[in-house]
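Novice: Next comes upload_36.csv, CSV, C-alpha atoms and all ligand atoms:
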chain,number,residue,atom,x,y,z
A,1441,MET,CA,-4.4,-11.5,-1.8
A,1442,ARG,CA,-7.2,-10.9,-4.3
A,1443,VAL,CA,-10.0,-8.8,-3.1
A,1444,GLY,CA,-13.4,-8.3,-4.8
A,1445,VAL,CA,-15.3,-5.0,-4.5
A,1446,LEU,CA,-19.0,-4.4,-5.3
A,1447,THR,CA,-21.6,-1.7,-4.9
A,1448,GLY,CA,-25.2,-2.7,-4.5
A,1449,GLY,CA,-28.6,-1.1,-4.0
A,1450,GLY,CA,-29.5,2.5,-5.0
A,1451,ASP,CA,-26.5,4.5,-6.0
A,1452,CYS,CA,-25.2,7.2,-3.8
A,1453,PRO,CA,-22.7,10.1,-4.1
A,1454,GLY,CA,-19.4,8.9,-2.6
A,1455,LEU,CA,-19.4,5.3,-3.9
A,1456,ASN,CA,-16.5,6.1,-6.3
A,1457,ALA,CA,-14.6,7.8,-3.5
A,1458,VAL,CA,-14.8,4.6,-1.4
A,1459,ILE,CA,-13.6,2.5,-4.3
A,1460,ARG,CA,-10.7,4.9,-5.0
A,1461,ALA,CA,-9.6,4.9,-1.3
A,1462,ILE,CA,-9.8,1.1,-1.2
A,1463,VAL,CA,-7.5,0.7,-4.2
A,1464,ARG,CA,-5.2,3.6,-3.3
A,1465,LYS,CA,-4.4,2.1,0.1
A,1466,GLY,CA,-4.7,-1.6,-0.7
A,1467,VAL,CA,-2.3,-1.7,-3.6
A,1468,PRO,CA,0.7,0.1,-2.2
A,1469,ASN,CA,0.3,-0.8,1.5
A,1470,TYR,CA,-0.8,-4.4,1.3
A,1471,ASP,CA,0.1,-5.4,-2.2
A,1472,TYR,CA,-3.6,-6.5,-2.8
A,1473,LYS,CA,-5.0,-7.2,-6.3
A,1474,PHE,CA,-8.5,-5.9,-6.7
A,1475,VAL,CA,-11.3,-7.2,-8.9
A,1476,GLY,CA,-14.4,-5.1,-9.5
A,1477,PHE,CA,-17.7,-6.9,-9.6
A,1478,ARG,CA,-20.2,-5.2,-11.9
A,1479,ASP,CA,-23.8,-4.4,-10.8
A,1480,GLY,CA,-23.8,-5.5,-7.2
A,1481,TRP,CA,-24.4,-9.1,-6.4
A,1482,ARG,CA,-25.4,-9.8,-10.0
A,1483,GLY,CA,-21.7,-9.4,-10.9
A,1484,VAL,CA,-20.7,-12.1,-8.5
A,1485,LEU,CA,-23.6,-14.4,-9.6
A,1486,GLU,CA,-22.8,-14.0,-13.3
A,1487,ASP,CA,-19.0,-13.5,-13.1
A,1488,LEU,CA,-19.1,-10.0,-14.5
A,1489,THR,CA,-15.9,-8.2,-13.5
A,1490,MET,CA,-13.7,-5.3,-14.4
A,1491,PRO,CA,-10.1,-4.5,-13.5
A,1492,LEU,CA,-9.6,-2.3,-10.5
A,1493,ASP,CA,-6.1,-0.9,-10.3
A,1494,ILE,CA,-4.7,2.5,-9.6
A,1495,PRO,CA,-5.1,3.9,-13.1
A,1496,ALA,CA,-8.7,2.7,-13.1
A,1497,VAL,CA,-9.5,4.9,-10.0
A,1498,ARG,CA,-7.9,8.1,-11.2
A,1499,GLY,CA,-10.2,11.1,-11.1
A,1500,LEU,CA,-12.9,9.3,-9.2
A,1501,LEU,CA,-13.1,11.3,-6.1
A,1502,PRO,CA,-15.7,13.9,-7.2
A,1503,ARG,CA,-17.6,11.6,-9.6
A,1504,GLY,CA,-21.2,10.6,-8.6
A,1505,GLY,CA,-22.7,7.2,-9.2
A,1506,THR,CA,-20.5,4.1,-9.2
A,1507,ILE,CA,-18.0,3.0,-11.9
A,1508,LEU,CA,-18.9,-0.6,-10.9
A,1509,GLY,CA,-22.6,-0.2,-11.6
A,1510,THR,CA,-25.2,-1.4,-9.2
A,1511,SER,CA,-28.4,-3.5,-9.0
A,1512,ARG,CA,-30.9,-4.7,-6.5
A,1513,THR,CA,-30.1,-8.4,-7.2
A,1514,ASN,CA,-30.6,-10.6,-4.2
A,1515,PRO,CA,-28.7,-14.0,-4.4
A,1516,PHE,CA,-30.9,-15.4,-1.6
A,1517,ALA,CA,-34.0,-14.9,-3.8
A,1518,ILE,CA,-32.4,-16.9,-6.7
A,1519,GLU,CA,-32.2,-20.6,-6.9
A,1520,ASP,CA,-28.6,-21.8,-6.3
A,1521,GLY,CA,-27.7,-18.1,-5.7
A,1522,VAL,CA,-25.4,-18.7,-2.8
A,1523,GLN,CA,-23.7,-21.6,-4.4
A,1524,ARG,CA,-23.1,-19.6,-7.6
A,1525,ILE,CA,-21.6,-16.8,-5.6
A,1526,LYS,CA,-19.2,-19.1,-3.8
A,1527,GLN,CA,-18.2,-20.8,-7.1
A,1528,THR,CA,-17.4,-17.4,-8.8
A,1529,LEU,CA,-15.2,-16.5,-5.8
A,1530,VAL,CA,-13.3,-19.8,-6.0
A,1531,ASN,CA,-13.0,-19.6,-9.8
A,1532,LEU,CA,-11.5,-16.1,-9.7
A,1533,GLY,CA,-9.3,-16.9,-6.6
A,1534,ILE,CA,-11.0,-14.2,-4.6
A,1535,ASP,CA,-9.9,-14.3,-0.9
A,1536,ALA,CA,-12.1,-11.5,0.4
A,1537,LEU,CA,-15.0,-9.3,-0.7
A,1538,ILE,CA,-15.7,-5.7,0.2
A,1539,ALA,CA,-19.5,-5.0,-0.2
A,1540,ILE,CA,-20.5,-1.4,-0.3
A,1541,GLY,CA,-24.3,-1.0,0.2
A,1542,GLY,CA,-27.3,-0.4,2.4
A,1543,ASP,CA,-29.5,-2.6,4.5
A,1544,ASP,CA,-30.2,-5.0,1.6
A,1545,THR,CA,-26.7,-5.4,0.2
A,1546,LEU,CA,-25.2,-5.7,3.6
A,1547,GLY,CA,-27.9,-8.1,4.7
A,1548,VAL,CA,-26.8,-10.4,2.0
A,1549,ALA,CA,-23.1,-9.9,3.1
A,1550,ALA,CA,-24.1,-10.8,6.7
A,1551,LYS,CA,-25.7,-14.0,5.5
A,1552,LEU,CA,-22.8,-14.9,3.2
A,1553,PHE,CA,-20.4,-14.4,6.1
A,1554,GLU,CA,-22.4,-17.0,8.0
A,1555,GLU,CA,-21.9,-19.3,5.0
A,1556,GLY,CA,-18.1,-18.8,5.4
A,1557,VAL,CA,-17.5,-16.0,2.8
A,1558,HIS,CA,-14.7,-13.6,3.9
A,1559,VAL,CA,-16.7,-10.3,3.6
A,1560,VAL,CA,-16.3,-6.8,5.0
A,1561,GLY,CA,-19.1,-4.2,4.6
A,1562,VAL,CA,-19.1,-0.4,4.0
A,1563,PRO,CA,-22.4,1.4,4.8
A,1564,LYS,CA,-24.0,3.5,2.1
A,1565,THR,CA,-27.4,5.1,1.8
A,1566,ILE,CA,-28.6,8.6,1.2
A,1567,ASP,CA,-31.5,7.7,3.6
A,1568,ASN,CA,-29.0,7.5,6.5
A,1569,ASP,CA,-31.1,4.7,8.0
A,1570,LEU,CA,-28.4,2.1,8.7
A,1571,ALA,CA,-27.9,1.1,12.3
A,1572,GLY,CA,-24.4,0.8,13.7
A,1573,THR,CA,-23.1,4.0,12.2
A,1574,ASP,CA,-23.8,7.6,13.1
A,1575,TYR,CA,-23.9,8.7,9.4
A,1576,THR,CA,-23.7,7.1,6.0
A,1577,PHE,CA,-22.0,8.9,3.1
A,1578,GLY,CA,-24.4,10.3,0.4
A,1579,PHE,CA,-26.8,11.6,3.1
A,1580,ASP,CA,-25.1,15.0,3.3
A,1581,THR,CA,-25.2,15.4,-0.5
A,1582,ALA,CA,-28.9,14.5,-0.6
A,1583,VAL,CA,-29.7,17.0,2.2
A,1584,SER,CA,-27.7,19.8,0.4
A,1585,ILE,CA,-29.6,19.2,-2.8
A,1586,ALA,CA,-33.0,19.1,-1.0
A,1587,THR,CA,-32.1,22.2,0.9
A,1588,GLU,CA,-31.1,24.1,-2.2
A,1589,ALA,CA,-34.4,23.1,-3.8
A,1590,ILE,CA,-36.4,24.3,-0.7
A,1591,ASP,CA,-34.5,27.6,-0.8
A,1592,ARG,CA,-35.5,28.1,-4.4
A,1593,LEU,CA,-39.1,27.0,-3.9
A,1594,HIS,CA,-39.6,29.7,-1.2
A,1595,THR,CA,-39.4,32.6,-3.6
A,1596,THR,CA,-41.6,31.1,-6.3
A,1597,ALA,CA,-44.2,30.0,-3.7
A,1598,GLU,CA,-44.3,33.5,-2.3
A,1599,SER,CA,-44.6,35.1,-5.8
A,1600,HIS,CA,-47.6,32.9,-6.6
A,1601,HIS,CA,-49.2,32.7,-3.1
A,1602,ARG,CA,-49.1,28.9,-3.4
A,1603,ALA,CA,-48.4,26.1,-1.0
A,1604,LEU,CA,-45.5,24.1,-2.3
A,1605,ILE,CA,-44.9,20.6,-1.3
A,1606,VAL,CA,-41.4,19.0,-1.7
A,1607,GLU,CA,-41.4,15.2,-1.8
A,1608,VAL,CA,-38.0,13.8,-0.8
A,1609,MET,CA,-36.6,10.3,-0.5
A,1610,GLY,CA,-36.8,8.4,2.7
A,1611,ARG,CA,-38.6,5.0,2.6
A,1612,HIS,CA,-38.6,4.2,6.3
A,1613,ALA,CA,-36.7,7.1,7.8
A,1614,GLY,CA,-37.3,10.8,7.6
A,1615,TRP,CA,-33.7,12.0,8.0
A,1616,ILE,CA,-33.5,13.8,4.6
A,1617,ALA,CA,-36.9,15.4,5.2
A,1618,LEU,CA,-36.0,16.5,8.7
A,1619,HIS,CA,-32.5,17.9,8.0
A,1620,SER,CA,-33.3,19.6,4.7
A,1621,GLY,CA,-36.7,20.9,6.1
A,1622,VAL,CA,-35.0,22.5,9.1
A,1623,ALA,CA,-32.1,23.8,7.0
A,1624,GLY,CA,-34.4,25.2,4.4
A,1625,GLY,CA,-36.9,26.7,6.8
A,1626,ALA,CA,-39.9,24.5,5.8
A,1627,ASN,CA,-43.2,25.3,7.5
A,1628,VAL,CA,-44.2,21.6,7.8
A,1629,ILE,CA,-42.0,18.5,7.8
A,1630,LEU,CA,-43.6,15.1,7.5
A,1631,ILE,CA,-41.7,11.9,8.1
A,1632,PRO,CA,-42.5,8.1,8.0
A,1633,GLU,CA,-41.9,7.7,11.8
A,1634,VAL,CA,-44.7,10.0,12.8
A,1635,PRO,CA,-48.1,9.6,11.0
A,1636,PHE,CA,-49.6,13.0,10.3
A,1637,ASP,CA,-53.0,14.5,10.7
A,1638,VAL,CA,-54.2,16.1,7.5
A,1639,ASP,CA,-56.4,18.6,9.3
A,1640,GLN,CA,-53.4,19.8,11.4
A,1641,VAL,CA,-51.3,20.2,8.2
A,1642,CYS,CA,-54.1,22.3,6.7
A,1643,LYS,CA,-54.2,24.4,9.8
A,1644,TRP,CA,-50.5,25.1,9.6
A,1645,VAL,CA,-50.8,25.9,5.9
A,1646,ASP,CA,-53.7,28.4,6.7
A,1647,SER,CA,-51.8,30.0,9.5
A,1648,ARG,CA,-48.8,30.5,7.2
A,1649,PHE,CA,-50.9,32.2,4.6
A,1650,ARG,CA,-52.5,34.4,7.2
A,1651,LEU,CA,-48.9,35.7,8.1
A,1652,HIS,CA,-48.6,36.6,4.3
A,1653,TYR,CA,-46.0,33.9,3.7
A,1654,ALA,CA,-46.4,31.0,1.3
A,1655,PRO,CA,-45.9,27.6,3.1
A,1656,ILE,CA,-43.3,25.0,2.1
A,1657,ILE,CA,-44.2,21.4,3.2
A,1658,VAL,CA,-41.4,18.8,3.0
A,1659,VAL,CA,-42.7,15.3,3.0
A,1660,ALA,CA,-40.7,12.0,2.9
A,1661,GLU,CA,-41.9,9.5,0.3
A,1662,GLY,CA,-42.7,7.0,3.1
A,1663,ALA,CA,-44.8,9.4,5.3
A,1664,GLN,CA,-48.4,8.4,5.9
A,1665,ALA,CA,-51.5,10.1,7.1
A,1666,LYS,CA,-52.9,8.8,10.4
A,1667,GLY,CA,-55.1,5.8,9.5
A,1668,GLY,CA,-53.7,6.0,5.9
A,1669,GLU,CA,-51.4,3.8,4.0
A,1670,LEU,CA,-48.1,4.0,2.1
A,1671,VAL,CA,-48.5,5.8,-1.3
A,1672,VAL,CA,-46.9,3.6,-3.9
A,1673,ASN,CA,-46.0,4.3,-7.5
A,1674,THR,CA,-46.5,0.7,-8.6
A,1675,ASP,CA,-47.2,-2.6,-6.8
A,1676,ASP,CA,-44.2,-4.3,-8.4
A,1677,ARG,CA,-41.7,-5.4,-5.8
A,1678,ASP,CA,-37.9,-5.7,-6.2
A,1679,GLN,CA,-36.0,-8.9,-5.1
A,1680,PHE,CA,-35.8,-7.6,-1.6
A,1681,GLY,CA,-39.6,-7.2,-1.5
A,1682,HIS,CA,-39.7,-3.3,-1.6
A,1683,VAL,CA,-42.5,-1.6,-3.5
A,1684,ARG,CA,-41.7,1.6,-5.4
A,1685,LEU,CA,-42.9,4.6,-3.3
A,1686,GLY,CA,-44.0,8.0,-4.7
A,1687,GLY,CA,-47.1,10.1,-4.8
A,1688,ILE,CA,-47.6,11.2,-1.2
A,1689,GLY,CA,-46.8,14.8,-2.2
A,1690,GLU,CA,-49.4,15.0,-4.9
A,1691,ARG,CA,-52.0,13.4,-2.6
A,1692,LEU,CA,-51.2,16.0,0.1
A,1693,ALA,CA,-51.5,18.8,-2.5
A,1694,ASN,CA,-55.0,17.7,-3.3
A,1695,GLU,CA,-56.0,17.6,0.3
A,1696,ILE,CA,-54.6,21.0,1.0
A,1697,GLU,CA,-56.4,22.5,-2.0
A,1698,LYS,CA,-59.7,20.9,-0.9
A,1699,HIS,CA,-59.4,21.9,2.7
A,1700,THR,CA,-57.9,25.4,2.4
A,1701,GLY,CA,-59.0,26.6,-1.0
A,1702,LYS,CA,-55.4,27.6,-1.7
A,1703,GLU,CA,-53.4,26.5,-4.7
A,1704,ALA,CA,-50.9,23.7,-3.9
A,1705,ARG,CA,-48.2,22.2,-6.2
A,1706,THR,CA,-45.8,19.4,-5.7
A,1707,THR,CA,-42.1,19.0,-6.6
A,1708,VAL,CA,-40.8,15.5,-6.5
A,1709,LEU,CA,-37.0,15.6,-6.1
A,1710,GLY,CA,-36.5,11.9,-6.9
A,1711,HIS,CA,-33.2,10.7,-8.2
A,1712,ALA,CA,-31.8,14.2,-8.5
A,1713,GLN,CA,-31.0,13.7,-4.7
A,1714,ARG,CA,-28.8,10.7,-5.5
A,1715,GLY,CA,-27.0,12.0,-8.6
A,1716,GLY,CA,-24.0,14.1,-9.2
A,1717,THR,CA,-20.9,15.0,-7.2
A,1718,PRO,CA,-20.6,14.3,-3.5
A,1719,THR,CA,-20.2,17.2,-1.0
A,1720,ALA,CA,-16.8,17.6,0.7
A,1721,ARG,CA,-18.2,16.0,3.8
A,1722,ASP,CA,-19.3,12.9,1.9
A,1723,ARG,CA,-16.0,12.6,0.1
A,1724,TRP,CA,-14.2,12.8,3.4
A,1725,LEU,CA,-16.5,10.1,5.0
A,1726,ALA,CA,-16.4,7.8,2.0
A,1727,THR,CA,-12.6,8.1,1.8
A,1728,ARG,CA,-12.2,7.2,5.4
A,1729,PHE,CA,-14.6,4.3,5.1
A,1730,GLY,CA,-12.6,3.0,2.1
A,1731,LEU,CA,-9.3,3.2,3.9
A,1732,HIS,CA,-10.6,1.5,7.0
A,1733,ALA,CA,-12.4,-1.2,5.0
A,1734,VAL,CA,-9.0,-2.2,3.5
A,1735,ASP,CA,-7.5,-2.3,7.0
A,1736,ALA,CA,-10.5,-4.6,8.1
A,1737,VAL,CA,-9.5,-7.0,5.3
A,1738,HIS,CA,-5.9,-6.9,6.4
A,1739,ASP,CA,-7.0,-7.6,10.0
A,1740,GLU,CA,-9.3,-10.4,8.7
A,1741,ALA,CA,-12.2,-8.8,10.5
A,1742,TRP,CA,-14.7,-10.9,8.5
A,1743,GLY,CA,-18.4,-10.2,9.0
A,1744,SER,CA,-17.7,-6.6,10.1
A,1745,MET,CA,-18.7,-3.2,8.8
A,1746,VAL,CA,-16.8,0.1,9.1
A,1747,ALA,CA,-18.9,2.6,11.0
A,1748,LEU,CA,-18.6,6.2,12.1
A,1749,ARG,CA,-19.0,6.8,15.8
A,1750,GLY,CA,-18.4,10.4,16.7
A,1751,THR,CA,-15.3,11.2,14.6
A,1752,ASP,CA,-13.8,7.8,14.9
A,1753,ILE,CA,-14.2,4.8,12.5
A,1754,HIS,CA,-14.9,1.5,14.2
A,1755,HIS,CA,-15.6,-2.0,13.0
A,1756,VAL,CA,-19.1,-3.3,14.1
A,1757,PRO,CA,-20.6,-6.7,13.3
A,1758,LEU,CA,-22.6,-6.7,10.1
A,1759,ALA,CA,-25.4,-8.5,11.8
A,1760,GLU,CA,-25.7,-5.6,14.3
A,1761,ALA,CA,-25.9,-3.1,11.4
A,1762,VAL,CA,-28.6,-4.8,9.4
A,1763,GLY,CA,-30.7,-6.0,12.3
A,1764,GLU,CA,-32.7,-2.9,12.7
A,1765,LEU,CA,-33.1,0.4,10.8
A,1766,ARG,CA,-32.0,3.7,12.4
A,1767,THR,CA,-35.0,5.9,12.3
A,1768,VAL,CA,-35.7,9.4,13.5
A,1769,ASP,CA,-36.5,9.7,17.2
A,1770,PRO,CA,-39.9,11.3,17.6
A,1771,GLU,CA,-38.4,13.6,20.3
A,1772,LEU,CA,-35.8,14.9,17.8
A,1773,TYR,CA,-38.6,15.5,15.3
A,1774,ALA,CA,-40.7,17.3,17.9
A,1775,GLU,CA,-37.8,19.9,18.2
A,1776,ALA,CA,-38.6,21.1,14.7
A,1777,GLU,CA,-42.3,21.6,15.4
A,1778,VAL,CA,-41.6,25.1,16.8
A,1779,PHE,CA,-41.2,26.1,13.1
A,1780,PHE,CA,-44.5,24.5,11.9
A,1781,GLY,CA,-47.3,26.7,10.8
B,1,LIG,O1,-31.6,4.1,-1.6
B,1,LIG,C1,-32.8,4.3,-0.9
B,1,LIG,C2,-33.7,5.0,-1.7
B,1,LIG,O2,-33.1,6.3,-1.9
B,1,LIG,C3,-35.1,5.2,-1.1
B,1,LIG,O3,-35.3,6.3,-0.4
B,1,LIG,C4,-36.0,5.1,-2.3
B,1,LIG,O4,-37.3,4.6,-2.0
B,1,LIG,C5,-35.3,4.2,-3.2
B,1,LIG,O5,-33.9,4.4,-3.0
B,1,LIG,C6,-35.6,4.4,-4.7
B,1,LIG,O6,-34.6,3.8,-5.5
B,1,LIG,P1,-34.8,3.2,-6.9
B,1,LIG,O7,-35.7,4.2,-7.7
B,1,LIG,O8,-33.5,3.1,-7.4
B,1,LIG,O9,-35.5,1.9,-6.7
Could you show the structure in this file as structure tokens?

Specialist:
Amino acid sequence: MRVGVLTGGGDCPGLNAVIRAIVRKGVPNYDYKFVGFRDGWRGVLEDLTMPLDIPAVRGLLPRGGTILGTSRTNPFAIEDGVQRIKQTLVNLGIDALIAIGGDDTLGVAAKLFEEGVHVVGVPKTIDNDLAGTDYTFGFDTAVSIATEAIDRLHTTAESHHRALIVEVMGRHAGWIALHSGVAGGANVILIPEVPFDVDQVCKWVDSRFRLHYAPIIVVAEGAQAKGGELVVNTDDRDQFGHVRLGGIGERLANEIEKHTGKEARTTVLGHAQRGGTPTARDRWLATRFGLHAVDAVHDEAWGSMVALRGTDIHHVPLAEAVGELRTVDPELYAEAEVFFG
């Protein structure tokens, strides 16, 4: 059997570990031949491939990024896109496709499955906002990087008696902000799911200064003030209709300075959260997802996605995973409020 593999959407620590596990199990156990598609769905549209055999995946486990490359190409936003995808698969004699991606990439996979393509999905996103799985790989690495940044910012904030704002990724879901904020002892955590009150944030900042500590505020890029709107970097949209977020941290710093008279500065962690080597936990999860994705191909579980439930890996319908985002429950967020201010 010939099996295509692609990685789509934003890159994520652990992608290479998935690819490695797929090949390391698929070749000896099932005698599969693998074809790597470059740059996500673009590779299938444009017939851009690379060999994917055991020598090609040596040394990949700790390496960040994806050797296949990635893109935010959406075949459903391109004329004849679906037809071209099907044609490439026929031309190359591909019997099955393993798509590793987030909501957008797997949304395409779900629709292609309805069009008769033999596809299996692997969930990936540092944002951890995919439904159907308890965790996605990449999230733990992003949280570790953000936590280390918060730890470091505490000492410089205190030395300068400043409020420091840390803007982390999280378009629709505040998982990175919540986990790193709690782990790093932030004094305020702001997430997209719960619009914030600027006056309240300033009160927390003030009270922190009164205790002779400098406040650290962690804000997800998708967080919004009550009655406010998303802060975008540019109005340009990608092929899935997403605007580029960024700037809420700076805006908040201005408000804090205006209302409290204290100096406030912003650190935007940006793509540093997605780069570099995955944590041990992400390597473990990514490896298990890869192993089970090959088994799903062997079982002809087309239209399914591997998912972590507790400590077990299950197959869930792709449609279920991409239907709705997994966001932070406001009650879980409320637990952290005891540390605010
Ligand atoms: O992968 C999701 C994500 O991390 C979002 O949190 C963020 O908005 C987006 O990627 C930014 O990615 P890029 O800069 O690659 O478009």

Novice: Just how far from atom CA of A:Ala1536 is atom CA of A:Ala1747, in Å to one decimal?

Specialist: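 Straight-line distance from atom CA of A:Ala1747 to atom CA of A:Ala1536 works out to 18.9 Å.
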
Novice: Using all atoms listed in the file, what table do you get, as CSV, when you list each residue of chain A with an atom no more than 10 Å from ligand LIG 1 (chain B), its nearest pair of atoms, and their distance in Å rounded to one decimal, rows by chain then rising number?

Specialist:
residue,atom,partner,partner_atom,distance
A:Gly1448,CA,B:LIG1,O1,9.8
A:Gly1449,CA,B:LIG1,O1,6.5
A:Gly1450,CA,B:LIG1,O1,4.3
A:Asp1451,CA,B:LIG1,O1,6.7
A:Cys1452,CA,B:LIG1,O1,7.4
A:Thr1510,CA,B:LIG1,O8,9.6
A:Ser1511,CA,B:LIG1,O8,8.5
A:Arg1512,CA,B:LIG1,O9,8.0
A:Gly1541,CA,B:LIG1,O1,9.1
A:Gly1542,CA,B:LIG1,O1,7.4
A:Asp1543,CA,B:LIG1,O1,9.3
A:Asp1544,CA,B:LIG1,O1,9.7
A:Lys1564,CA,B:LIG1,O1,8.5
A:Thr1565,CA,B:LIG1,O1,5.5
A:Ile1566,CA,B:LIG1,O2,5.9
A:Asp1567,CA,B:LIG1,O3,5.7
A:Asn1568,CA,B:LIG1,C1,8.9
A:Asp1569,CA,B:LIG1,C1,9.1
A:Gly1578,CA,B:LIG1,O1,9.7
A:Phe1579,CA,B:LIG1,O2,9.6
A:Ala1582,CA,B:LIG1,O2,9.3
A:Val1608,CA,B:LIG1,O3,8.0
A:Met1609,CA,B:LIG1,O3,4.2
A:Gly1610,CA,B:LIG1,O3,4.0
A:Arg1611,CA,B:LIG1,O3,4.6
A:His1612,CA,B:LIG1,O3,7.8
A:Ala1613,CA,B:LIG1,O3,8.4
A:Gly1614,CA,B:LIG1,O3,9.4
A:Ile1616,CA,B:LIG1,O3,9.2
A:Ala1660,CA,B:LIG1,O3,8.5
A:Glu1661,CA,B:LIG1,O4,7.1
A:Gly1662,CA,B:LIG1,O4,7.8
A:Val1672,CA,B:LIG1,O4,9.8
A:Arg1677,CA,B:LIG1,O9,9.6
A:Asp1678,CA,B:LIG1,O9,8.0
A:His1682,CA,B:LIG1,O4,8.3
A:Val1683,CA,B:LIG1,O4,8.2
A:Arg1684,CA,B:LIG1,O4,6.3
A:Leu1685,CA,B:LIG1,O4,5.7
A:Gly1686,CA,B:LIG1,O4,8.0
A:Gly1710,CA,B:LIG1,O7,7.8
A:His1711,CA,B:LIG1,O7,7.0
A:Gln1713,CA,B:LIG1,O2,8.2
A:Arg1714,CA,B:LIG1,O2,7.1

Novice: Which residues are close to A:Thr1717, i.e. within 9 Å by only C-alpha atoms, leaving aside same-chain residues fewer than 6 positions away? Reply as a list in words.

Specialist: Pro1453, Gly1454, Leu1501, Pro1502, Arg1503, Gly1504, Gly1505 and Thr1581 of chain A

Novice: Choose the residue, out of A:Gly1444, A:Pro1563, A:Pro1635, A:Gly1681, that has the smallest atom-to-atom separation from A:Asp1487; count all atoms listed in the file.

Specialist: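 Of the candidates, the smallest distance to A:Asp1487 is held by A:Gly1444.
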
Novice: For a test of reading the model, state the distance in Å between atom CA of A:Val1557 and atom CA of A:Ala1517, rounded to one decimal.

Specialist: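 Separating atom CA of A:Val1557 from atom CA of A:Ala1517 is a distance of 17.8 Å.
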
Novice: If you measure from atom CA of A:Asp1646 to atom CA of A:Lys1702, what distance in Å do you get, rounded to one decimal?

Specialist: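 Between these atoms lies a distance of 8.6 Å.
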
Novice: Nearest to A:Ala1539: which of A:His1738, A:Arg1749, A:Arg1478, A:Arg1524 is it, counting all atoms listed in the file?

Specialist: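 Closest residue, counting all atoms listed in the file: A:Arg1478.
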
Novice: Closest to A:Ala1736 among A:Gly1521, A:Gly1763, A:Pro1757, A:Gly1716, using only C-alpha atoms?

Specialist: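 Result for the nearest residue to A:Ala1736: A:Pro1757.
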
Novice: Just the residues within 10 Å of A:Pro1515, please, counting all atoms listed in the file, with nothing from its chain fewer than 6 positions along; format it as a list in words.

Specialist: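 That gives Trp1481, Arg1482, Val1484, Leu1485, Gly1521, Val1522, Gln1523, Arg1524, Ile1525, Thr1545, Val1548, Leu1552, Gln1679 and Phe1680 of chain A.
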
Novice: Counting only C-alpha atoms, find the residues whose atoms lie at most 9 Å from (-8.4, 1.3, 12.9) (file coordinates) and write them out as an MDAnalysis selection string.

Specialist: chainID A and resid 1732 1735:1736 1752:1755

Novice: Mind writing the picked residues with C-alpha atoms as a PDB file, keeping the file's coordinate frame?

Specialist:
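The file below, result.pdb, is the result:
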ATOM      1  CA  HIS A1732     -10.600   1.500   7.000  1.00  0.00           C
ATOM      2  CA  ASP A1735      -7.500  -2.300   7.000  1.00  0.00           C
ATOM      3  CA  ALA A1736     -10.500  -4.600   8.100  1.00  0.00           C
ATOM      4  CA  ASP A1752     -13.800   7.800  14.900  1.00  0.00           C
ATOM      5  CA  ILE A1753     -14.200   4.800  12.500  1.00  0.00           C
ATOM      6  CA  HIS A1754     -14.900   1.500  14.200  1.00  0.00           C
ATOM      7  CA  HIS A1755     -15.600  -2.000  13.000  1.00  0.00           C
TER       8      HIS A1755
END
